[in-house]
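S.K.: Structure supplied as structure-v6.tsv; contents: TSV, C-alpha atoms.
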chain	number	residue	atom	x	y	z
A	2	MET	CA	11.84	1.40	2.45
A	3	SER	CA	8.55	3.20	2.44
A	4	LEU	CA	5.77	1.80	0.33
A	5	LEU	CA	3.56	3.89	-1.93
A	6	THR	CA	0.21	4.69	-0.39
A	7	GLN	CA	-2.98	3.96	-2.29
A	8	ARG	CA	-3.57	7.66	-2.69
A	9	GLU	CA	-0.13	8.25	-4.17
A	10	VAL	CA	-0.73	5.43	-6.65
A	11	TYR	CA	-4.04	6.81	-7.90
A	12	GLN	CA	-2.59	10.32	-8.09
A	13	GLU	CA	0.24	9.02	-10.25
A	14	ILE	CA	-2.29	7.30	-12.53
A	15	GLU	CA	-4.33	10.49	-12.69
A	16	THR	CA	-1.27	12.53	-13.67
A	17	ALA	CA	-0.19	10.01	-16.29
A	18	GLN	CA	-3.70	9.96	-17.77
A	19	SER	CA	-3.85	13.74	-17.93
A	20	GLU	CA	-0.70	13.54	-20.08
A	21	SER	CA	-2.34	10.80	-22.21
A	22	ARG	CA	0.22	8.25	-21.07
A	23	LYS	CA	-0.43	4.63	-20.21
A	24	VAL	CA	0.67	3.25	-16.91
A	25	ALA	CA	0.74	-0.19	-15.29
A	26	VAL	CA	0.40	-0.75	-11.55
A	27	ALA	CA	1.95	-3.97	-10.23
A	28	THR	CA	0.82	-5.10	-6.78
A	29	ILE	CA	2.18	-8.02	-4.80
A	30	VAL	CA	-1.07	-9.71	-3.86
A	31	THR	CA	0.11	-12.96	-2.28
A	32	THR	CA	3.40	-14.42	-1.08
A	33	SER	CA	4.25	-17.84	0.26
A	34	GLY	CA	7.42	-19.35	1.60
A	35	SER	CA	10.44	-17.22	2.19
A	36	THR	CA	10.39	-13.98	0.22
A	37	PRO	CA	11.79	-10.57	1.07
A	38	GLN	CA	8.78	-9.01	-0.63
A	39	ARG	CA	5.80	-7.67	1.21
A	40	THR	CA	2.17	-8.05	0.11
A	41	GLY	CA	0.58	-4.76	-0.85
A	42	ALA	CA	3.85	-3.34	-2.20
A	43	LYS	CA	3.34	-1.56	-5.51
A	44	LEU	CA	5.47	-0.68	-8.48
A	45	ILE	CA	4.17	1.84	-10.99
A	46	VAL	CA	5.61	1.43	-14.47
A	47	PHE	CA	5.08	4.16	-17.06
A	48	ASP	CA	4.90	3.59	-20.81
A	49	ASP	CA	8.36	5.12	-21.26
A	50	GLY	CA	9.83	2.58	-18.83
A	51	ARG	CA	10.19	4.91	-15.85
A	52	MET	CA	9.03	3.52	-12.57
A	53	ARG	CA	8.05	4.56	-9.08
A	54	GLY	CA	7.66	2.57	-5.87
A	55	THR	CA	9.12	-0.86	-5.32
A	56	VAL	CA	8.14	-4.48	-5.05
A	57	GLY	CA	11.21	-5.23	-2.99
A	58	GLY	CA	14.08	-4.89	-5.44
A	59	GLY	CA	16.30	-7.64	-6.74
A	60	CYS	CA	15.80	-9.73	-9.86
A	61	VAL	CA	12.09	-9.94	-9.21
A	62	GLU	CA	11.66	-6.22	-9.62
A	63	ALA	CA	13.27	-6.38	-13.06
A	64	ASP	CA	10.95	-9.27	-14.01
A	65	VAL	CA	7.90	-7.40	-12.79
A	66	TRP	CA	9.00	-4.34	-14.73
A	67	ALA	CA	9.34	-6.42	-17.93
A	68	GLU	CA	5.89	-8.00	-17.42
A	69	ALA	CA	4.39	-4.56	-16.78
A	70	ARG	CA	5.83	-3.20	-20.01
A	71	GLU	CA	4.39	-6.14	-21.92
A	72	ALA	CA	1.01	-5.61	-20.26
A	73	ILE	CA	1.09	-1.95	-21.31
A	74	SER	CA	1.85	-2.81	-24.93
A	75	GLU	CA	-0.98	-5.39	-24.96
A	76	ASN	CA	-3.20	-2.94	-23.06
A	77	LYS	CA	-4.36	-5.83	-20.89
A	78	SER	CA	-4.10	-6.54	-17.17
A	79	ARG	CA	-2.48	-9.80	-16.08
A	80	LEU	CA	-1.71	-11.93	-13.05
A	81	CYS	CA	1.88	-13.22	-12.85
A	82	ARG	CA	3.33	-15.88	-10.62
A	83	PHE	CA	7.00	-15.72	-9.69
A	84	THR	CA	9.17	-18.35	-8.06
A	85	LEU	CA	12.16	-16.95	-6.24
A	86	ARG	CA	15.24	-19.14	-6.27
A	87	ASP	CA	18.88	-18.37	-5.61
A	88	ASP	CA	18.42	-14.75	-6.39
A	89	PRO	CA	21.95	-13.36	-6.21
A	90	ASP	CA	20.69	-9.89	-5.32
A	91	VAL	CA	18.80	-11.10	-2.29
A	92	PRO	CA	20.84	-11.59	0.88
A	93	PRO	CA	20.34	-14.82	2.80
A	94	ASP	CA	17.89	-14.54	5.67
A	95	GLU	CA	18.82	-14.95	9.30
A	96	GLU	CA	18.83	-18.75	9.08
A	97	GLY	CA	21.30	-18.61	6.21
A	98	MET	CA	18.72	-19.68	3.63
A	99	VAL	CA	18.26	-18.06	0.28
A	100	CYS	CA	14.69	-17.18	-0.45
A	101	GLY	CA	12.70	-19.88	-2.13
A	102	GLY	CA	9.22	-18.50	-1.99
A	103	GLU	CA	6.51	-17.76	-4.48
A	104	MET	CA	4.53	-14.66	-5.11
A	105	GLU	CA	1.67	-13.45	-7.22
A	106	VAL	CA	1.72	-10.02	-8.79
A	107	PHE	CA	-1.38	-8.43	-10.27
A	108	ILE	CA	-0.52	-6.00	-13.02
A	109	GLU	CA	-3.25	-3.62	-14.03
A	110	VAL	CA	-3.04	-1.34	-17.04
A	111	TRP	CA	-4.57	2.13	-16.98
A	112	GLY	CA	-4.94	3.68	-20.41
A	113	SER	CA	-5.69	7.30	-21.13
A	114	ASP	CA	-9.45	6.71	-20.67
B	187	MET	CA	-16.05	2.62	-14.14
B	188	LEU	CA	-14.37	4.85	-11.56
B	189	SER	CA	-11.57	7.10	-12.75
B	190	ALA	CA	-8.25	7.33	-10.93
B	191	ALA	CA	-9.19	10.89	-9.93
B	192	GLU	CA	-12.47	9.73	-8.39
B	193	ILE	CA	-10.66	7.03	-6.44
B	194	SER	CA	-7.92	9.33	-5.13
B	195	ASN	CA	-10.54	11.90	-4.12
B	196	ALA	CA	-12.51	9.23	-2.27
B	197	ILE	CA	-9.36	8.13	-0.40
B	198	ARG	CA	-8.59	11.73	0.55
B	199	LYS	CA	-12.12	12.33	1.78
B	200	SER	CA	-12.42	9.15	3.84
B	201	LEU	CA	-9.02	9.48	5.46
B	202	GLY	CA	-9.72	13.17	6.12
B	203	ASP	CA	-12.87	12.13	7.96
B	204	GLY	CA	-10.82	9.65	9.99
B	205	ARG	CA	-12.41	6.65	8.30
B	206	SER	CA	-10.75	3.68	6.63
B	207	LEU	CA	-11.51	2.94	2.99
B	208	ALA	CA	-11.45	-0.47	1.34
B	209	ILE	CA	-10.81	-0.57	-2.39
B	210	VAL	CA	-12.10	-3.82	-3.84
B	211	SER	CA	-10.87	-4.86	-7.30
B	212	LEU	CA	-11.74	-7.74	-9.58
B	213	MET	CA	-8.51	-9.56	-10.38
B	214	GLU	CA	-9.34	-10.12	-14.02
B	215	SER	CA	-7.69	-9.12	-17.22
B	216	GLY	CA	-10.81	-7.37	-18.43
B	217	ALA	CA	-12.28	-4.07	-17.30
B	218	ARG	CA	-10.93	-2.42	-14.19
B	219	GLN	CA	-13.84	-2.68	-11.78
B	220	ARG	CA	-13.67	-1.08	-8.35
B	221	LEU	CA	-15.97	-0.97	-5.37
B	222	LEU	CA	-15.14	1.50	-2.61
B	223	VAL	CA	-16.35	0.70	0.90
B	224	GLU	CA	-15.98	3.25	3.69
B	225	GLU	CA	-15.76	2.45	7.37
B	226	GLY	CA	-19.14	3.10	8.98
B	227	SER	CA	-20.88	4.12	5.74
B	228	GLY	CA	-20.73	1.05	3.50
B	229	PRO	CA	-20.33	1.27	-0.27
B	230	VAL	CA	-19.59	4.84	-1.34
B	231	ALA	CA	-18.75	4.48	-5.03
B	232	GLY	CA	-18.22	2.09	-7.90
B	233	THR	CA	-19.34	-1.43	-8.62
B	234	LEU	CA	-17.81	-4.79	-9.49
B	235	GLY	CA	-20.36	-5.04	-12.27
B	236	GLU	CA	-22.90	-7.32	-10.64
B	237	GLN	CA	-25.07	-6.72	-7.61
B	238	ILE	CA	-24.29	-10.08	-6.05
B	239	LEU	CA	-20.54	-9.50	-6.36
B	240	ASP	CA	-20.96	-6.11	-4.69
B	241	GLU	CA	-22.88	-7.71	-1.83
B	242	ILE	CA	-20.21	-10.35	-1.24
B	243	ALA	CA	-17.42	-7.77	-1.49
B	244	LEU	CA	-19.16	-5.37	0.87
B	245	ARG	CA	-19.62	-8.02	3.56
B	246	GLN	CA	-15.96	-9.04	3.37
B	247	ALA	CA	-14.70	-5.44	3.22
B	248	VAL	CA	-16.57	-4.53	6.40
B	249	LYS	CA	-14.93	-7.49	8.16
B	250	LEU	CA	-11.45	-6.54	6.98
B	251	ILE	CA	-11.87	-2.87	7.91
B	252	ALA	CA	-12.82	-3.88	11.46
B	253	ASP	CA	-9.55	-5.80	11.84
B	254	ASP	CA	-6.66	-3.33	12.10
B	255	ARG	CA	-4.13	-5.99	11.13
B	256	GLN	CA	-5.49	-6.16	7.58
B	257	GLU	CA	-4.04	-4.06	4.78
B	258	ILE	CA	-4.37	-6.32	1.76
B	259	ALA	CA	-6.14	-9.61	1.16
B	260	VAL	CA	-7.14	-11.78	-1.77
B	261	PHE	CA	-10.13	-14.11	-1.73
B	262	GLY	CA	-11.48	-16.53	-4.26
B	263	ILE	CA	-15.20	-16.01	-4.66
B	264	GLY	CA	-15.83	-19.53	-3.33
B	265	GLU	CA	-14.16	-18.65	-0.03
B	266	ILE	CA	-16.43	-15.73	0.82
B	267	ILE	CA	-19.74	-16.58	-0.82
B	268	ASP	CA	-22.40	-17.49	1.74
B	269	ALA	CA	-24.90	-20.34	1.62
B	270	ALA	CA	-27.77	-18.18	0.40
B	271	GLN	CA	-25.72	-17.09	-2.58
B	272	LYS	CA	-24.35	-20.53	-3.47
B	273	ASP	CA	-27.10	-21.13	-6.02
B	274	SER	CA	-26.31	-18.04	-8.03
B	275	ASP	CA	-24.47	-18.36	-11.32
B	276	LEU	CA	-21.31	-17.23	-9.52
B	277	SER	CA	-20.64	-20.76	-8.35
B	278	SER	CA	-19.62	-21.64	-11.89
B	279	ARG	CA	-16.99	-18.91	-11.76
B	280	SER	CA	-15.01	-20.13	-8.78
B	281	ASP	CA	-11.78	-18.88	-10.35
B	282	LEU	CA	-12.95	-15.30	-9.84
B	283	ARG	CA	-10.79	-13.55	-7.25
B	284	LEU	CA	-11.24	-10.29	-5.39
B	285	LEU	CA	-8.46	-8.03	-4.15
B	286	PHE	CA	-9.14	-5.97	-1.01
B	287	GLU	CA	-6.83	-3.08	-0.17
B	288	ILE	CA	-7.47	-1.04	2.94
B	289	SER	CA	-6.26	2.53	3.39
B	290	ARG	CA	-6.27	3.68	6.98
B	291	PRO	CA	-6.28	7.22	8.37
B	292	PRO	CA	-3.36	8.46	10.50
B	293	LEU	CA	-3.74	7.36	14.11
B	294	LYS	CA	-4.77	10.03	16.57
B	295	LEU	CA	-4.24	10.01	20.31
B	296	ILE	CA	-6.01	12.57	22.45
B	297	ILE	CA	-4.72	12.95	25.97
B	298	CYS	CA	-6.94	14.68	28.52
B	299	GLY	CA	-4.58	15.95	31.20
B	300	GLY	CA	-1.05	17.28	30.80
B	301	GLY	CA	0.36	16.06	34.11
B	302	HIS	CA	3.13	13.53	34.63
B	303	VAL	CA	1.23	10.62	33.14
B	304	GLY	CA	-0.05	12.69	30.22
B	305	GLN	CA	3.50	13.83	29.42
B	306	ALA	CA	4.84	10.28	29.47
B	307	VAL	CA	1.94	8.97	27.35
B	308	ALA	CA	2.58	11.71	24.78
B	309	LYS	CA	6.22	10.63	24.41
B	310	ALA	CA	5.37	6.94	24.14
B	311	ALA	CA	2.60	7.66	21.62
B	312	ARG	CA	4.95	9.69	19.40
B	313	LEU	CA	7.31	6.73	19.37
B	314	LEU	CA	4.41	4.66	17.98
B	315	ASP	CA	3.68	7.29	15.29
B	316	PHE	CA	0.43	8.64	16.70
B	317	ASN	CA	-0.63	12.22	16.01
B	318	VAL	CA	-0.90	13.48	19.57
B	319	THR	CA	-3.18	16.19	20.98
B	320	VAL	CA	-3.07	17.20	24.64
B	321	ILE	CA	-5.88	19.06	26.39
B	322	ASP	CA	-5.51	20.69	29.79
B	323	ASP	CA	-7.38	23.63	31.30
B	324	ARG	CA	-4.18	24.78	33.03
B	325	THR	CA	-2.08	26.75	30.54
B	326	GLU	CA	1.12	25.90	32.39
B	327	PHE	CA	0.48	22.21	31.67
B	328	ALA	CA	-0.73	22.49	28.06
B	329	SER	CA	2.57	24.18	27.25
B	330	ARG	CA	5.78	23.66	25.30
B	331	ASP	CA	7.67	23.56	28.60
B	332	LYS	CA	5.95	20.29	29.39
B	333	PHE	CA	5.57	19.07	25.78
B	334	PRO	CA	8.66	20.25	23.85
B	335	ASP	CA	7.94	18.01	20.81
B	336	PRO	CA	6.54	20.56	18.29
B	337	LYS	CA	4.51	17.83	16.60
B	338	ILE	CA	2.30	17.49	19.66
B	339	ASP	CA	-0.82	19.70	19.44
B	340	LEU	CA	-1.71	21.53	22.62
B	341	ILE	CA	-5.14	22.81	23.60
B	342	ALA	CA	-5.23	25.02	26.70
B	343	GLU	CA	-8.95	25.17	27.34
B	344	ASP	CA	-11.44	23.62	29.66
B	345	PHE	CA	-11.90	19.96	28.88
B	346	ILE	CA	-15.40	20.13	27.40
B	347	ALA	CA	-14.57	23.01	25.06
B	348	GLY	CA	-11.27	21.35	24.15
B	349	LEU	CA	-12.92	18.04	23.30
B	350	LYS	CA	-15.59	19.81	21.25
B	351	SER	CA	-13.01	21.73	19.20
B	352	PHE	CA	-12.25	18.83	16.84
B	353	LYS	CA	-13.98	15.78	15.44
B	354	ILE	CA	-13.57	12.46	17.22
B	355	THR	CA	-13.42	9.71	14.57
B	356	PRO	CA	-12.88	5.94	14.41
B	357	ALA	CA	-9.13	6.75	14.17
B	358	SER	CA	-9.21	8.53	17.55
B	359	HIS	CA	-7.82	7.02	20.74
B	360	LEU	CA	-8.68	8.81	23.98
B	361	VAL	CA	-6.59	8.62	27.12
B	362	ILE	CA	-8.23	10.31	30.09
B	363	VAL	CA	-5.59	11.07	32.73
B	364	THR	CA	-6.53	14.43	34.25
B	365	ARG	CA	-5.50	15.63	37.70
B	366	GLY	CA	-8.61	14.32	39.41
B	367	HIS	CA	-11.60	12.01	39.19
B	368	ARG	CA	-14.01	14.89	38.78
B	369	HIS	CA	-12.32	16.04	35.58
B	370	ASP	CA	-11.86	12.45	34.38
B	371	GLU	CA	-15.60	11.94	34.68
B	372	ILE	CA	-16.34	15.19	32.85
B	373	CYS	CA	-14.13	14.05	29.96
B	374	LEU	CA	-15.64	10.57	29.89
B	375	ARG	CA	-19.18	11.98	29.70
B	376	GLN	CA	-18.13	14.19	26.82
B	377	VAL	CA	-16.73	11.33	24.70
B	378	ILE	CA	-18.71	8.27	25.79
B	379	ASP	CA	-20.99	8.26	22.72
B	380	GLN	CA	-18.30	9.24	20.20
B	381	PRO	CA	-17.04	6.75	17.59
B	382	ALA	CA	-13.48	6.57	19.08
B	383	ARG	CA	-11.45	3.39	18.58
B	384	TYR	CA	-10.26	3.40	22.18
B	385	ILE	CA	-11.37	5.17	25.34
B	386	GLY	CA	-9.35	4.63	28.53
B	387	MET	CA	-9.69	6.35	31.90
B	388	ILE	CA	-7.24	6.22	34.78
B	389	GLY	CA	-8.33	5.49	38.34
B	390	SER	CA	-8.53	2.78	40.97
B	391	ARG	CA	-10.95	-0.06	40.44
B	392	ARG	CA	-13.21	1.30	43.20
B	393	ARG	CA	-13.34	4.84	41.77
B	394	THR	CA	-13.90	3.76	38.21
B	395	THR	CA	-16.63	1.35	39.27
B	396	THR	CA	-18.40	4.19	41.07
B	397	ILE	CA	-18.27	6.33	37.93
B	398	ARG	CA	-19.54	3.48	35.75
B	399	GLN	CA	-22.47	2.85	38.08
B	400	ARG	CA	-23.36	6.52	38.24
B	401	LEU	CA	-23.41	6.81	34.43
B	402	LEU	CA	-25.46	3.59	34.12
B	403	LYS	CA	-28.06	4.96	36.53
B	404	GLU	CA	-28.30	8.10	34.47
B	405	GLY	CA	-29.31	6.00	31.48
B	406	ILE	CA	-26.04	5.76	29.53
B	407	GLN	CA	-26.20	2.59	27.43
B	408	PRO	CA	-24.31	-0.37	29.01
B	409	ASP	CA	-22.70	-1.09	25.60
B	410	LEU	CA	-21.10	2.35	25.62
B	411	LEU	CA	-19.69	1.81	29.10
B	412	HIS	CA	-18.41	-1.69	28.34
B	413	ARG	CA	-16.01	-0.38	25.75
B	414	VAL	CA	-14.31	1.97	28.24
B	415	HIS	CA	-10.93	0.67	29.42
B	416	SER	CA	-10.93	1.63	33.06
B	417	PRO	CA	-8.81	1.22	35.10
B	418	ILE	CA	-6.62	1.99	32.11
B	419	GLY	CA	-3.75	-0.11	30.74
B	420	LEU	CA	-2.37	-3.64	30.90
B	421	ASP	CA	-1.35	-5.05	34.27
B	422	ILE	CA	2.44	-4.97	34.13
B	423	GLY	CA	2.87	-3.67	37.67
B	424	ALA	CA	3.52	-0.15	36.38
B	425	GLN	CA	4.31	2.45	39.04
B	426	THR	CA	6.11	5.45	37.57
B	427	PRO	CA	4.36	7.73	35.02
B	428	GLU	CA	6.60	6.31	32.28
B	429	GLU	CA	5.74	2.74	33.21
B	430	ILE	CA	2.05	3.62	33.30
B	431	ALA	CA	2.45	5.17	29.83
B	432	PHE	CA	3.86	1.88	28.53
B	433	ALA	CA	1.01	-0.07	30.14
B	434	ILE	CA	-1.48	2.25	28.41
B	435	MET	CA	0.22	2.18	25.01
B	436	ALA	CA	0.60	-1.61	25.21
B	437	GLU	CA	-3.16	-1.87	25.75
B	438	ILE	CA	-3.79	0.39	22.74
B	439	VAL	CA	-1.52	-1.76	20.55
B	440	LEU	CA	-3.38	-4.83	21.81
B	441	VAL	CA	-6.76	-3.30	20.93
B	442	ARG	CA	-5.54	-2.39	17.44
B	443	ARG	CA	-3.60	-5.48	16.53
B	444	GLY	CA	-5.15	-8.23	18.63
B	445	GLY	CA	-3.23	-10.57	20.89
B	446	THR	CA	-3.51	-12.04	24.35
B	447	GLY	CA	-1.44	-9.64	26.44
B	448	LEU	CA	0.35	-12.69	27.89
B	449	PRO	CA	4.10	-13.44	27.75
B	450	LYS	CA	5.05	-15.23	24.53
B	451	SER	CA	7.30	-17.73	26.28
B	452	SER	CA	5.70	-20.93	27.57
B	453	GLU	CA	8.64	-21.69	29.83
B	454	GLY	CA	10.88	-19.55	31.94
B	455	PRO	CA	10.46	-16.83	34.53
B	456	MET	CA	7.09	-15.54	33.28
B	457	THR	CA	5.38	-18.93	33.15
B	458	LYS	CA	3.38	-18.10	36.25
B	459	ALA	CA	1.65	-15.25	34.44
B	460	ARG	CA	-0.03	-17.65	32.01
When written as structure tokens, how does the structure in this file appear?

M.R.:
Amino acid sequence: MSLLTQREVYQEIETAQSESRKVAVATIVTTSGSTPQRTGAKLIVFDDGRMRGTVGGGCVEADVWAEAREAISENKSRLCRFTLRDDPDVPPDEEGMVCGGEMEVFIEVWGSD
Amino acid sequence: MLSAAEISNAIRKSLGDGRSLAIVSLMESGARQRLLVEEGSGPVAGTLGEQILDEIALRQAVKLIADDRQEIAVFGIGEIIDAAQKDSDLSSRSDLRLLFEISRPPLKLIICGGGHVGQAVAKAARLLDFNVTVIDDRTEFASRDKFPDPKIDLIAEDFIAGLKSFKITPASHLVIVTRGHRHDEICLRQVIDQPARYIGMIGSRRRTTTIRQRLLKEGIQPDLLHRVHSPIGLDIGAQTPEEIAFAIMAEIVLVRRGGTGLPKSSEGPMTKAR
């Protein structure tokens, strides 16, 4: 799984803006406990619901996507905190535990400014 | 406020110059504020909106850039404010958090000398995702016969001209393993004052000490000589060219990522090494 580079992210924003579209960029900024997610991972969500990149898949990605769409419609950035429990899409780790970590996702909205 | 285009251009420019770039953001729901800090040049664009915030962010960004392990970090303002700034009105906004994201240029490894050790180092460095350039003044050694991997750049020129033909940046790692001490010394002189991340030169302790002392006498700054890894590589008892290549690459990983170079186990057959 290759993560989006910073440059790719800003180029995507630039392209979206040139088409007068809004876009939200979700970044995993902190994680604690056992999570399959990696800090720095980014998911770009466009105002039509398309997305690019990944924050690690699973239920969390769907939640982040939903938050990002809300942020776009409010036109306001937000910080979300997620608790990961018994996520059926996430395989148990090597010690046979399901992930039970927490993570913070910063969602920033870029309008057509 | 910086536009996305300005930010992506700044990333392209810094990485193209072989310098890391830190993008500092205010984690607030309000305006998107960015401060861009370039390795070796300081703040290059943008602002977090207040001079004191910029000063705090700059200081922290420089620290993070210097530590190759860092890619992303979040700090509350209270964690990184220093005593002199404690009295400012920021102290009442302790919930303010800053996001630091570091973009780093592709790693470069320049090998002076295309002999057995140079060939083995090139292979090991490719495995670690370095962009590899090999310089040798003997065309039969700076050749595809010896370096079949097409992603390895070859420069068949004398060492000084070869080293001058591209820019040495903070993303550059130099491995000096030519066929003889005379050429090693020529290469070292050429790069000693360049901003490379790593400079290593092969040779016995006695030989390399002689070269160090000669350069010191000639007025080369002691600081510049102290950063040269010579004899090159970690002590793992390497003997074959391939083993020496691993010792060299292990040292480069250590320099980049930090660590002790000691075995991780506290018990067992390697205990003696601790």

S.K.: Let me make sure I understand: among A:Ser33, A:Thr28, A:Ser19, A:Thr84, which one has the smallest atom-to-atom distance to A:Glu109 if we use only C-alpha atoms?

M.R.: A:Thr28

S.K.: List every protein, DNA or RNA residue with an atom no more than 10 Å from (-13.6, 10.2, 39.4) in the file's coordinates, counting all atoms listed in the file, and format the result as a PDB file with C-alpha atoms, keeping the file's coordinate frame.

M.R.:
ATOM      1  CA  THR B 364      -6.530  14.430  34.250  1.00  0.00           C
ATOM      2  CA  ARG B 365      -5.500  15.630  37.700  1.00  0.00           C
ATOM      3  CA  GLY B 366      -8.610  14.320  39.410  1.00  0.00           C
ATOM      4  CA  HIS B 367     -11.600  12.010  39.190  1.00  0.00           C
ATOM      5  CA  ARG B 368     -14.010  14.890  38.780  1.00  0.00           C
ATOM      6  CA  HIS B 369     -12.320  16.040  35.580  1.00  0.00           C
ATOM      7  CA  ASP B 370     -11.860  12.450  34.380  1.00  0.00           C
ATOM      8  CA  GLU B 371     -15.600  11.940  34.680  1.00  0.00           C
ATOM      9  CA  ILE B 372     -16.340  15.190  32.850  1.00  0.00           C
ATOM     10  CA  LEU B 374     -15.640  10.570  29.890  1.00  0.00           C
ATOM     11  CA  MET B 387      -9.690   6.350  31.900  1.00  0.00           C
ATOM     12  CA  ILE B 388      -7.240   6.220  34.780  1.00  0.00           C
ATOM     13  CA  GLY B 389      -8.330   5.490  38.340  1.00  0.00           C
ATOM     14  CA  SER B 390      -8.530   2.780  40.970  1.00  0.00           C
ATOM     15  CA  ARG B 392     -13.210   1.300  43.200  1.00  0.00           C
ATOM     16  CA  ARG B 393     -13.340   4.840  41.770  1.00  0.00           C
ATOM     17  CA  THR B 394     -13.900   3.760  38.210  1.00  0.00           C
ATOM     18  CA  THR B 395     -16.630   1.350  39.270  1.00  0.00           C
ATOM     19  CA  THR B 396     -18.400   4.190  41.070  1.00  0.00           C
ATOM     20  CA  ILE B 397     -18.270   6.330  37.930  1.00  0.00           C
ATOM     21  CA  ARG B 398     -19.540   3.480  35.750  1.00  0.00           C
TER      22      ARG B 398
END

S.K.: With 9 Å as the cut-off and all atoms listed in the file counted, what is the closest atom pair between each nearby residue of chain A and chain B? Distances in Å to one decimal, ordered by chain and number, as JSON lines.

M.R.:
{"residue": "A:Thr6", "atom": "CA", "partner": "B:Ser289", "partner_atom": "CA", "distance": 7.8}
{"residue": "A:Gln7", "atom": "CA", "partner": "B:Ser289", "partner_atom": "CA", "distance": 6.7}
{"residue": "A:Arg8", "atom": "CA", "partner": "B:Ser194", "partner_atom": "CA", "distance": 5.3}
{"residue": "A:Glu9", "atom": "CA", "partner": "B:Ser194", "partner_atom": "CA", "distance": 7.9}
{"residue": "A:Val10", "atom": "CA", "partner": "B:Ser194", "partner_atom": "CA", "distance": 8.3}
{"residue": "A:Tyr11", "atom": "CA", "partner": "B:Ala190", "partner_atom": "CA", "distance": 5.2}
{"residue": "A:Gln12", "atom": "CA", "partner": "B:Ser194", "partner_atom": "CA", "distance": 6.2}
{"residue": "A:Glu13", "atom": "CA", "partner": "B:Ala190", "partner_atom": "CA", "distance": 8.7}
{"residue": "A:Ile14", "atom": "CA", "partner": "B:Ala190", "partner_atom": "CA", "distance": 6.2}
{"residue": "A:Glu15", "atom": "CA", "partner": "B:Ala190", "partner_atom": "CA", "distance": 5.3}
{"residue": "A:Thr16", "atom": "CA", "partner": "B:Ala191", "partner_atom": "CA", "distance": 8.9}
{"residue": "A:Gln18", "atom": "CA", "partner": "B:Ala190", "partner_atom": "CA", "distance": 8.6}
{"residue": "A:Val30", "atom": "CA", "partner": "B:Val260", "partner_atom": "CA", "distance": 6.7}
{"residue": "A:Thr31", "atom": "CA", "partner": "B:Val260", "partner_atom": "CA", "distance": 7.4}
{"residue": "A:Thr40", "atom": "CA", "partner": "B:Ile258", "partner_atom": "CA", "distance": 7.0}
{"residue": "A:Gly41", "atom": "CA", "partner": "B:Ile258", "partner_atom": "CA", "distance": 5.8}
{"residue": "A:Lys77", "atom": "CA", "partner": "B:Ser215", "partner_atom": "CA", "distance": 5.9}
{"residue": "A:Ser78", "atom": "CA", "partner": "B:Ser215", "partner_atom": "CA", "distance": 4.4}
{"residue": "A:Arg79", "atom": "CA", "partner": "B:Ser215", "partner_atom": "CA", "distance": 5.4}
{"residue": "A:Leu80", "atom": "CA", "partner": "B:Met213", "partner_atom": "CA", "distance": 7.7}
{"residue": "A:Phe107", "atom": "CA", "partner": "B:Met213", "partner_atom": "CA", "distance": 7.2}
{"residue": "A:Ile108", "atom": "CA", "partner": "B:Ser215", "partner_atom": "CA", "distance": 8.9}
{"residue": "A:Glu109", "atom": "CA", "partner": "B:Ser215", "partner_atom": "CA", "distance": 7.8}
{"residue": "A:Val110", "atom": "CA", "partner": "B:Arg218", "partner_atom": "CA", "distance": 8.5}
{"residue": "A:Trp111", "atom": "CA", "partner": "B:Arg218", "partner_atom": "CA", "distance": 8.3}
{"residue": "A:Asp114", "atom": "CA", "partner": "B:Ser189", "partner_atom": "CA", "distance": 8.2}

S.K.: Report, in Å to a single decimal, how far apart atom CA of B:Gly228 and atom CA of B:Arg245 are.

M.R.: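 Value for the atom CA of B:Arg245-atom CA of B:Gly228 distance: 9.1 Å.
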
S.K.: One decimal, Å: what's the distance from atom CA of B:Ser351 over to atom CA of B:Val248, could you say?

M.R.: 29.4 Å

S.K.: Might you pull out every residue within 10 Å of B:Ala252, with only C-alpha atoms counted and same-chain residues fewer than 5 positions away left off, and present them as a list of chain:residue names?

M.R.: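 After dropping sequence-adjacent residues, the list is B:Ser206, B:Glu225, B:Gly226, B:Ala247, B:Arg442.
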
S.K.: Atom CA of B:Gly300 to atom CA of B:Leu340: how many Å, to one decimal?

M.R.: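 We find that atom CA of B:Gly300 and atom CA of B:Leu340 lie 9.2 Å from each other.
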
S.K.: Name the residues in contact with stretch 311-316 of chain B at a cut-off of 9 Å, using only C-alpha atoms, excluding same-chain residues fewer than 5 positions from it; report them as a PyMOL selection string.

M.R.: chain B and resi 292-295+306+335+337-338+431+435

S.K.: Considering all atoms listed in the file, return as a list in words whatever protein or nucleic-acid residues lie within 8 Å of B:Leu222, sequence-local ones (same chain, fewer than 5 positions apart) excluded.

M.R.: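 Answer for this query is Leu207, Ala208, Ile209, Val210, Pro229, Val230, Ala231, Gly232 and Thr233 of chain B.
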